[in-house]
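Participant: If you scroll down you'll find the structure; I have some questions about it.
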Amino acid sequence: MKYDPGKIESKWQENWAADDVYRMTASDGNEKYYCLEMFPYPSGKLHMGHVRNYSIGDVIARYRRMHGFNVMHPMGFDSFGMPAENAAIERNTHPAIWTRQNIEVMRSQLQDMGFAYDWEREIASHRPGYYRWNQWLFLRLLERDLAYRKDALLNWCPSCETVLANEQVEENLCWRCGAVVEDRRMSQWFFRVTAYTDELLDGLDELDGWPERVRTMQRNWIGKSSGTRVTFDVEDSGEELVIFTTRIDTIFGASFMVLAPEHPLAERWRENGPGPDSEQVPEEFASAIDKLEKMPRRQNLGEASDKAGVFTGYYAINPFNRERLPIWITNFVLMDYGTGAIMGVPAHDERDFEFAQKYGLPIRPVIGPGEGDSPAWVDQPDQMEEASSLYGVLLPICGDYAGMTSEAAQQKMLEDANAGDFGETAVEYKIKDWGVSRQRYWGTPIPVIYCPDCGTVSVPDEDLPVTLPEEAEFTGAGGSPLGRVESFVNVDCPTCGGPAKRETDTMDTFVCSSWYYLRYLSPHDSRQPYDRGDADYWGPVDIYIGGITHAVLHLLYFRFFCKAMADLDLLSIREPVTRLLTQGMVLMGGTAMSKSKGNVVDPGEMVSRYGVDATRIFVLFAAPPERDFEWDEGGIEGCSRFLNRTFSLIEGSHEALERISGAGEGTHLVEPFLELRRKAHETTRRVTQEVDQRLHFNTAIAALMELLNECYAATAAVPVAEAGMAAWVYRDVFERMVVMLAPFAPHLSQELWEMLGHEGYVVDQAWPTYDIAVLARESVSMAVQVDGKVRGSIEVPAGLEDKDALVAEALKNSNVARHVKGRLIARSFVVPGKIVSLNTG
RNA sequence: GCCCAAGUGGCGGAAUUGGCAGACGCGCUAGGUUCAGGACCUAGUGGGCUUCGGCCCGUGGGGGUUCAAGUCCCUCCUUGGGCACCA
């Protein structure tokens, strides 16, 4: 009989479905294990990245189940989002229809892959039964002031016709479509992520199950910096100007002040005209500010960076030395960071240096190196060719602070500023609140009503869900599509009953994915988002597997939601995920597979050619999970060969095995059988370690391949039919092999399990253990070095640790003796079981 | 510019704590089988030399620590990733 993957795979998938083998029915007394993979956006068909992601998760879920854990392993669809709407526009269909069709296709593909999901728990975020809980959670956040509405300068994607969160803008481009993002002032809903900045940051230190790379990216994103807020008086105006700096020690080097064009003072002066020292007329001045405001910002223009500015005609007074500093408005200060105003210290800040050079402002160094030679600019400021941002010692020009180190000066200056009431410590963060409003149709309606009399009113819980009206128009242009659906917009105010209007924006789809792991626990519950008892039992997720692309985006929101929900008393945990595995990409020709590049390998095609098991084995075998790997046709053939050989081995010997099954354990074994048994236990040890701790499935599979090769060698020497009393070793080794193969190639191993005469499912078998006594060898081989070079190896009894005896044994080796050449052994080192190192004088 | 990974045969990769580098797979070579091809089986496969005993070189380059370095330290190079007008 020949290995026929298609036949075996459909046979067992039918059996699994009929017997509900993957339904999660938690049994008491077992430890829980929540294995979660990032749910896919239903874009059409499964791609290789999905296959890799879900194969990894499936191995872990099956492996844990075989260790007796109650394993939660669900799957669903992240089904709200722009592509559905765009497809609807292009194909003149409805997003709901397109989405439903894609889900059908992808679910069936996932089922064809034999993944051990509990499909009873499937969720899809576009269904009202799911998104009503987005709305419910939104209202809970609103009650606690963790959701709020404000006017803000936002990232507008002109191509997607919607605003984007800061996390969704990469290098000033839209993360999804790549269009250049514009600034636009709008009124929007926000989630107060900044209420948790310190916890989000500090929590990273404890997340030792997360890759350092991801933690670093989140730290960078949060961007905490500690410094000082300093208040300057604006001369002859009664105004104050507050700036933020991390380098108050350089304040004696300040030679100008800078405002963002949106700064309140800048806006006022734009209205009222420039100060007395300006040479510009009011109109010129105002238009200069307008121009600055429109210049591209928030991006490093590198060499071509064009900093520009306009002098306001006003001066600020440095509170430390009473110096008059001209106030400028520029395009390089951002209003939404710090106070939107800075002091310009060109000698010690690259950007200020560049600006000062352009406008001929003084450059005055005030920090010198603490030790070593002083650069020329310490005495001759005009020698300065670039800013020095080093921490050092304050130069004589710094009055009372001269001679202090930067650190000491920072401390003293802060104290003095506090005492003089013109400064205080301040901490600034790069991270901003999460803007969640989207001017699109295919998302969760924001459950809020605007009443002319009552203001902003929450939709009452009992009126949830606010369902998406089906009849919207999809033109992809002209504001929120919901705004054009009269029957949706017009509503009675829940408070006063008068005519009111609904919010017409929808929520960012990242809201859906921020808490979905909890909905899997109670997917059909219509009274609550999830059962609290279940959440307490199953949380946190033990392992979460997905792409690195979400290192900041989704994973930051995920953590935020967990903390916010804990504070809403909806959860007992404050971190959602214990261990994070970020899997690498499947490449083709060095780049990610993509339709536009035409380098896509269709998993369906691989499955029909080589079978599900071979496809799964290959994506696991090609590289460790976190690394990218190149798709290789030859590689999958090798995996297919491995499965074929496994099949042939057992298919060719199981009948003989049955005939002599009487032979029992305890029989005295001769060498080849002892060695095969040892190898099998050794393999058990290796596979267990690789899967359990390191999640290196490639080496686990390699170990199984080695064992198979040993089996071939053994059966070639002594066929099963001739093994007699030792045949039980073959049975034991084959069963071990089949059971350990089960997480990787579940269909084939199930078939072989049956062939070996067993009923039931191999996934319900206990994972094999190994016996130290079996692993032990009677003798071990040790390398012998002479003067640092390997010159031979010796075979010695396993327990032998006596140094003199081992050295004596080593010297019996003729090649070793030749290299020692009768010289004295000056020193020797012995690591029992590994090496004997001899050194001649 | 700053920070973090990584660099090992023709290729993907292995080497758990400093202890015989190259497991496993692909590819390649030879032999077997076959009408032929494919498939399958067996053996070999880092480079150079060899008197066939072995010897020399070898984990991006250079230096160091050590009886012993892919592994630790210093330095440089390359690739990938992250951050970058955030004061």
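The chains in the structure tokens are called A, B, ... from first to last as shown; in each chain the residues are counted from 1, and the ligands are counted from 1 in the order shown.
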Taking only segment 472-563 of chain A into account, list the residues labelled helix (DSSP H, G or I) by DSSP (computed from the backbone), as number ranges by chain.

Facilitator: A: 481-484, 486-489, 509-514, 516-519, 532-538, 548-550, 553-563

Participant: Show me, as a list in words, the residues of chain B whose atoms get within 8 Å of chain A, using only C-alpha atoms (C1' of nucleotides) for the distance check.

Facilitator: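 For chain B, the answer reads C4, G12, G13, A14, G19, C20, A23, C24, G25, C26, C67, A68, G82, C83, A84, C85, C86 and A87 of chain B.
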
Participant: What lies within 10 Å of Arg609 of chain A using only C-alpha atoms (C1' of nucleotides), ignoring chain neighbours under 3 positions off, as a list in words?

Facilitator: Pro5, Gly6, Pro603, Gly604, Glu605, Met606, Val612, Ala614, Thr615, Glu637 and Ser640 of chain A

Participant: Give me, as an mmCIF file with N, CA and C atoms, in the first residue's frame, all polymer residues having an atom no more than 9 Å from Thr467 of chain A, counting only C-alpha atoms (C1' of nucleotides) and skipping those fewer than 5 positions away in the same chain.

Facilitator:
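Written output follows (selection-v8.cif):
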data_model
loop_
_atom_site.group_PDB
_atom_site.id
_atom_site.type_symbol
_atom_site.label_atom_id
_atom_site.label_comp_id
_atom_site.auth_asym_id
_atom_site.auth_seq_id
_atom_site.Cartn_x
_atom_site.Cartn_y
_atom_site.Cartn_z
ATOM 1 N N PRO A 128 -23.184 41.439 14.573
ATOM 2 C CA PRO A 128 -23.716 42.270 15.662
ATOM 3 C C PRO A 128 -23.513 41.631 17.029
ATOM 4 N N TYR A 131 -19.926 42.824 17.764
ATOM 5 C CA TYR A 131 -19.594 44.245 17.887
ATOM 6 C C TYR A 131 -20.468 44.997 18.878
ATOM 7 N N ARG A 132 -21.600 44.376 19.261
ATOM 8 C CA ARG A 132 -22.375 45.039 20.309
ATOM 9 C C ARG A 132 -21.528 45.166 21.571
ATOM 10 N N THR A 444 -17.612 49.179 13.626
ATOM 11 C CA THR A 444 -18.594 49.213 14.705
ATOM 12 C C THR A 444 -19.143 50.633 14.879
ATOM 13 N N PRO A 445 -20.470 50.831 14.746
ATOM 14 C CA PRO A 445 -21.005 52.176 14.990
ATOM 15 C C PRO A 445 -20.717 52.622 16.426
#

Participant: Taking 5 positions as the minimum chain separation for residues in the same chain, which residues sit within 9 Å of His94 of chain A when counting only C-alpha atoms (C1' of nucleotides)? Answer as an MDAnalysis selection string.

Facilitator: chainID A and resid 84:85 87:89 99 470 474

Participant: Write the residues of the selection above to a file with C-alpha atoms, as a compact mmCIF listing (two decimals), in the first residue's frame.

Facilitator:
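In the end it all went to part.txt:
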# COMPACT_ATOMS: atom_id res chain seq x y z
CA ALA A 84 -14.27 44.88 2.47
CA GLU A 85 -15.50 48.35 1.72
CA ALA A 87 -14.00 45.49 -2.61
CA ALA A 88 -17.64 46.49 -2.35
CA ILE A 89 -16.92 49.66 -4.32
CA THR A 99 -16.91 39.25 3.96
CA GLU A 470 -27.53 47.67 5.26
CA PHE A 474 -20.33 52.90 -1.03

Participant: Taking 6 positions as the minimum chain separation for residues in the same chain, which residues sit within 12 Å of Trp98 of chain A when counting only C-alpha atoms (C1' of nucleotides)? Answer as a PyMOL selection string.

Facilitator: chain A and resi 42-44+79-92+104-105+126+442

Participant: Work out how far apart atom CA of Val687 of chain A and atom CA of Arg64 of chain A are and give it in Å to one decimal.

Facilitator: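 Spanning atom CA of Val687 of chain A to atom CA of Arg64 of chain A is a straight-line distance of 13.3 Å.
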
Participant: Give me, as a VMD selection string, all polymer residues having an atom no more than 10 Å from Glu354 of chain A, counting only C-alpha atoms (C1' of nucleotides) and skipping those fewer than 6 positions away in the same chain.

Facilitator: chain A and resid 305 to 307 346 to 347 360 386 to 387

Participant: When you count only C-alpha atoms, which of these residues is closest to Ile329 of chain A: A:Ala766, A:Val607, A:Ala260, A:Met75?

Facilitator: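 Of A:Ala766, A:Val607, A:Ala260, A:Met75, the one nearest Ile329 of chain A, counting only C-alpha atoms, is A:Ala260.
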
Participant: Would you return as a VMD selection string the members of segment 173-225 of chain A that DSSP assigns to strand (DSSP E) on this structure's backbone?

Facilitator: chain A and resid 173 to 174 182 to 191 225

Participant: Find the distance between atom CA of Val163 of chain A and atom CA of Leu137 of chain A and write it in Å to one decimal.

Facilitator: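 Between these atoms lies a distance of 21.6 Å.
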